[in-house]
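**Student:** This is the structure I have questions about; it appears just below.
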Amino acid sequence: ENVTGWWMSEKLDGIRAYWDGSQFLSRNGNKFHAPSWFTEGLPADLHLDGELFGGRNEFQATSGIVKSFAAGDRWKKLTYEVFDAPSLDLPFEKRLKRVRTQAERKLNAYMRVVQHTLCEGNEHVETELDKLTKDGAEGLMLRKPGSKYVRSRSTTLLKVKTFQDCEAVVVGYNKGKGKYEGQAGSLDARLDNGIQFNVGSGMSDGQRRNPPPIGSIITVKFFEYTKDGKPRFPTFVGVRVDADKSKFAKWLIDGND
């Protein structure tokens with residue numbers, strides 16, 4: 001799955017809150033009893049989606065404030081971190097621009113806009129995730145460019161928390177394009193259960209010019225398995241010279257059949 005050009009943002013460890021123009025609601029439609037001074041200045045004509053946030057590693061404290069009927073001044077510890085405007089039937093970039101315009105009016109002291117960065121590829125995801133998690137963040141969110149708002153789970157909005165790794169056998173190559181023309185753009189690889197995928201991120205220029213031979217066992221770093229059992233956001237780590245090839249024997253014999 002190529003996420004180049006998607007929008008990356010920090011996955012905030014807060015309480016999801018939907019502003020319907022007059023009140024905060026939970027995902028299930030339950031009201032959050034925020035003080036009037038906390039919501040003062042939030043738009044009546046624009047619905048917002050975001051997180052009530054008390055800082056990294058402060059989920060329990062944040063939850064206690066938000067779910068209380070009488071937290072009072074403790075709400076001053078929170079901000080409303082907005083990442084979307086559900087009432088606008090527009091592409092994501094235009095919805096976010098409208099949110100920024102609202103925030104720049106500074107009508108509400110607690111509203112913030114979640115920062116989004118254009119993703120340069122799977123390696124960029126890995127680097128950013130590593131940096132954020134070291135700083136105590138929960139993970140990353142990835143939003144497909146031009147996507148419409150979907151309130152339920154969607155393939156256009158992905159969560160990335162931690163990476164894992166696996167072994168796979170190289171069974172083929174895909175021709176490179178652009179600056180990689182005449183080289184290997186990516187490797188076709190198979191897991192020991194036979195599921196095939198391709199991986200190109202993480203390969204150096206030298207490895208693209210001289211890719212691992214067919215039959216090589218490689219280590220791949222990835223986020224999670226997709227519904228089809230393929231590694232999501234795979235990144236090439238290197239060739240395993242000490243790998244046990246026996247579990248891949250069938251795929252080496254059968255090739256791509």
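Starting from 1 in every chain, residues are counted up; chains themselves are A, B, ... following the order of the structure tokens, and ligands are numbered from 1 as listed.
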Leaving out A:Lys245 and any residue of its chain fewer than 2 positions from it, which residues lie within 12 Å of it when counting only C-alpha atoms, given as a ChimeraX atom specification?
**Tutor:** /A:167-170,191-192,215-218,240-243,247-253
**Student:** Could you pull out the helix (DSSP H, G or I) residues of stretch 11-240 of chain A, going by DSSP on the backbone, and write them as number ranges by chain?
**Tutor:** A: 36-39, 59-66, 72-77, 92-104, 122-134, 178-180, 205-209
**Student:** Could you pull out the residues in stretch 28-142 of chain A that DSSP calls strand (DSSP E or B) from the backbone, as an mmCIF file with C-alpha atoms, in the first residue's frame?
**Tutor:**
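Produced file out_2.cif, reproduced below:
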```cif
data_model
loop_
_atom_site.group_PDB
_atom_site.id
_atom_site.type_symbol
_atom_site.label_atom_id
_atom_site.label_comp_id
_atom_site.auth_asym_id
_atom_site.auth_seq_id
_atom_site.Cartn_x
_atom_site.Cartn_y
_atom_site.Cartn_z
ATOM 1 C CA LYS A 31 -23.150 14.516 25.636
ATOM 2 C CA PHE A 32 -19.945 15.748 27.259
ATOM 3 C CA LEU A 48 -16.152 19.737 13.971
ATOM 4 C CA ASP A 49 -14.438 16.439 14.698
ATOM 5 C CA GLY A 50 -11.453 16.223 17.009
ATOM 6 C CA GLU A 51 -10.033 15.153 20.340
ATOM 7 C CA LEU A 52 -10.357 16.627 23.804
ATOM 8 C CA PHE A 53 -6.685 16.396 24.712
ATOM 9 C CA THR A 79 -7.571 21.664 24.419
ATOM 10 C CA TYR A 80 -9.900 20.764 21.562
ATOM 11 C CA GLU A 81 -7.649 19.422 18.814
ATOM 12 C CA VAL A 82 -9.647 19.556 15.564
ATOM 13 C CA PHE A 83 -8.822 17.481 12.493
ATOM 14 C CA ASP A 84 -11.984 17.607 10.367
ATOM 15 C CA MET A 111 -9.501 25.157 19.852
ATOM 16 C CA ARG A 112 -6.375 23.971 18.031
ATOM 17 C CA VAL A 113 -5.874 22.510 14.548
ATOM 18 C CA THR A 117 2.389 16.680 7.052
ATOM 19 C CA LEU A 118 2.526 15.381 3.493
ATOM 20 C CA GLY A 139 1.085 6.728 16.910
ATOM 21 C CA LEU A 140 0.177 8.214 13.539
ATOM 22 C CA MET A 141 -2.935 8.809 11.465
ATOM 23 C CA LEU A 142 -2.789 8.679 7.673
#
```
**Student:** Considering only C-alpha atoms, state which residue in the set A:Lys97, A:Arg27, A:His33, A:Lys131 is at the smallest distance from A:Ala70.
**Tutor:**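 The answer is A:His33, which sits nearest to A:Ala70.
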**Student:** Counting only C-alpha atoms, which of A:Phe163, A:Gly238, A:Asn28, A:Ser201 gets nearest to A:Tyr225?
**Tutor:**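 Checking each of A:Phe163, A:Gly238, A:Asn28, A:Ser201 against A:Tyr225, counting only C-alpha atoms, the winner is A:Phe163.
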**Student:** Residues within 12 Å of A:Gly182, please, as a compact mmCIF listing (two decimals) with N, CA and C atoms, in the first residue's frame. Count only C-alpha atoms; anything in the same chain fewer than 5 positions from it doesn't count.
**Tutor:**
```
# COMPACT_ATOMS: atom_id res chain seq x y z
N TYR A 173 10.90 -9.48 -9.60
CA TYR A 173 11.22 -8.06 -9.56
C TYR A 173 10.19 -7.27 -10.36
N ASN A 174 10.02 -6.01 -10.00
CA ASN A 174 9.20 -5.09 -10.79
C ASN A 174 10.10 -3.97 -11.29
N LYS A 175 9.98 -3.64 -12.57
CA LYS A 175 10.85 -2.63 -13.18
C LYS A 175 10.63 -1.26 -12.54
N GLY A 176 11.74 -0.56 -12.35
CA GLY A 176 11.67 0.77 -11.77
C GLY A 176 11.20 1.80 -12.79
N LYS A 177 10.69 2.92 -12.31
CA LYS A 177 10.24 4.01 -13.16
C LYS A 177 10.95 5.30 -12.73
N ASP A 205 20.04 2.61 -3.49
CA ASP A 205 20.27 2.65 -4.94
C ASP A 205 21.09 1.44 -5.38
N ARG A 208 18.93 -1.57 -5.57
CA ARG A 208 18.04 -1.53 -6.73
C ARG A 208 18.80 -1.92 -8.00
N ARG A 209 20.07 -1.52 -8.07
CA ARG A 209 20.88 -1.90 -9.23
C ARG A 209 21.21 -3.39 -9.20
N ASN A 210 21.46 -3.91 -8.01
CA ASN A 210 21.78 -5.33 -7.83
C ASN A 210 20.87 -5.91 -6.74
N PRO A 211 19.62 -6.17 -7.09
CA PRO A 211 18.67 -6.64 -6.07
C PRO A 211 19.00 -8.03 -5.57
```
**Student:** Which residue is closest to A:Leu12? Choose from A:Pro86, A:Gly146, A:Gly55, A:Gly178 and count only C-alpha atoms.
**Tutor:**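 Closest residue, counting only C-alpha atoms: A:Gly55.
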**Student:** Work out how far atom CA of A:Pro231 is from atom CA of A:Cys166, in Å to one decimal.
**Tutor:**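 Result for atom CA of A:Cys166 versus atom CA of A:Pro231: 8.7 Å, one decimal.
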**Student:** Got a sec: who's within 8 Å of A:Trp75, counting only C-alpha atoms, leaving out chain neighbours fewer than 4 positions off, as a list in words?
**Tutor:**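 Near neighbours after the sequence-gap exclusion: Ala34, Pro35, Phe38, Ile65, Val66 and Ala71 of chain A.
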**Student:** Find the spatial neighbours of A:Asp130, counting only C-alpha atoms, within a cut-off of 10 Å - ignore same-chain residues fewer than 4 positions away - and output them as a PDB file with N, CA, C and O atoms, in the first residue's frame.
**Tutor:**
```pdb
ATOM      1  N   HIS A 124       9.191   7.422   5.359  1.00  0.00           N
ATOM      2  CA  HIS A 124       8.821   8.645   6.078  1.00  0.00           C
ATOM      3  C   HIS A 124       7.859   8.312   7.220  1.00  0.00           C
ATOM      4  O   HIS A 124       7.976   8.846   8.331  1.00  0.00           O
ATOM      5  N   VAL A 125       6.929   7.396   6.958  1.00  0.00           N
ATOM      6  CA  VAL A 125       6.001   6.940   8.002  1.00  0.00           C
ATOM      7  C   VAL A 125       6.780   6.328   9.156  1.00  0.00           C
ATOM      8  O   VAL A 125       6.556   6.652  10.331  1.00  0.00           O
ATOM      9  N   GLU A 126       7.735   5.458   8.822  1.00  0.00           N
ATOM     10  CA  GLU A 126       8.510   4.774   9.853  1.00  0.00           C
ATOM     11  C   GLU A 126       9.326   5.771  10.683  1.00  0.00           C
ATOM     12  O   GLU A 126       9.361   5.688  11.920  1.00  0.00           O
ATOM     13  N   LYS A 134       8.862   7.839  20.499  1.00  0.00           N
ATOM     14  CA  LYS A 134       9.931   8.111  21.462  1.00  0.00           C
ATOM     15  C   LYS A 134       9.592   9.310  22.345  1.00  0.00           C
ATOM     16  O   LYS A 134      10.036   9.409  23.486  1.00  0.00           O
ATOM     17  N   ASP A 135       8.793  10.226  21.784  1.00  0.00           N
ATOM     18  CA  ASP A 135       8.366  11.407  22.536  1.00  0.00           C
ATOM     19  C   ASP A 135       7.092  11.163  23.336  1.00  0.00           C
ATOM     20  O   ASP A 135       6.541  12.088  23.941  1.00  0.00           O
ATOM     21  N   ALA A 137       4.140   9.804  22.075  1.00  0.00           N
ATOM     22  CA  ALA A 137       2.888   9.817  21.308  1.00  0.00           C
ATOM     23  C   ALA A 137       2.371   8.393  21.108  1.00  0.00           C
ATOM     24  O   ALA A 137       3.119   7.421  21.194  1.00  0.00           O
ATOM     25  N   GLY A 139       0.873   7.230  18.260  1.00  0.00           N
ATOM     26  CA  GLY A 139       1.085   6.728  16.910  1.00  0.00           C
ATOM     27  C   GLY A 139       0.783   7.789  15.875  1.00  0.00           C
ATOM     28  O   GLY A 139       0.834   8.993  16.151  1.00  0.00           O
ATOM     29  N   LEU A 140       0.447   7.335  14.666  1.00  0.00           N
ATOM     30  CA  LEU A 140       0.177   8.214  13.539  1.00  0.00           C
ATOM     31  C   LEU A 140      -1.198   7.942  12.947  1.00  0.00           C
ATOM     32  O   LEU A 140      -1.719   6.833  13.043  1.00  0.00           O
ATOM     33  N   LYS A 161       0.380   2.414  14.600  1.00  0.00           N
ATOM     34  CA  LYS A 161       0.858   2.480  15.985  1.00  0.00           C
ATOM     35  C   LYS A 161       2.288   1.955  16.126  1.00  0.00           C
ATOM     36  O   LYS A 161       3.173   2.684  16.529  1.00  0.00           O
ATOM     37  N   THR A 162       2.521   0.693  15.820  1.00  0.00           N
ATOM     38  CA  THR A 162       3.865   0.148  15.953  1.00  0.00           C
ATOM     39  C   THR A 162       4.173  -0.752  14.762  1.00  0.00           C
ATOM     40  O   THR A 162       3.267  -1.295  14.129  1.00  0.00           O
ATOM     41  N   PHE A 163       5.459  -0.907  14.485  1.00  0.00           N
ATOM     42  CA  PHE A 163       5.870  -1.774  13.387  1.00  0.00           C
ATOM     43  C   PHE A 163       6.339  -3.124  13.915  1.00  0.00           C
ATOM     44  O   PHE A 163       6.803  -3.242  15.041  1.00  0.00           O
TER      45      PHE A 163
END
```
**Student:** Report as a PyMOL selection string all protein, DNA and RNA residues lying within 9 Å of A:Glu138, evaluated on only C-alpha atoms, omitting residues in the same chain fewer than 6 positions from it.
**Tutor:** chain A and resi 10-13+56-57+129+132+160-162
**Student:** In Å, how far is it from atom CA of A:Met8 to atom CA of A:Gly229?
**Tutor:**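 Answer for the atom CA of A:Met8 to atom CA of A:Gly229 separation: 23.9 Å.
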**Student:** What does the distance between atom CA of A:Thr235 and atom CA of A:Phe222 come to in Å, to one decimal place?
**Tutor:**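 Going from atom CA of A:Thr235 over to atom CA of A:Phe222 covers 6.2 Å.
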**Student:** Compare A:Phe59, A:Trp6, A:Tyr18, A:Phe236 by their minimum atom-to-atom distance to A:Arg151, counting only C-alpha atoms, and give me the closest one.
**Tutor:** A:Tyr18
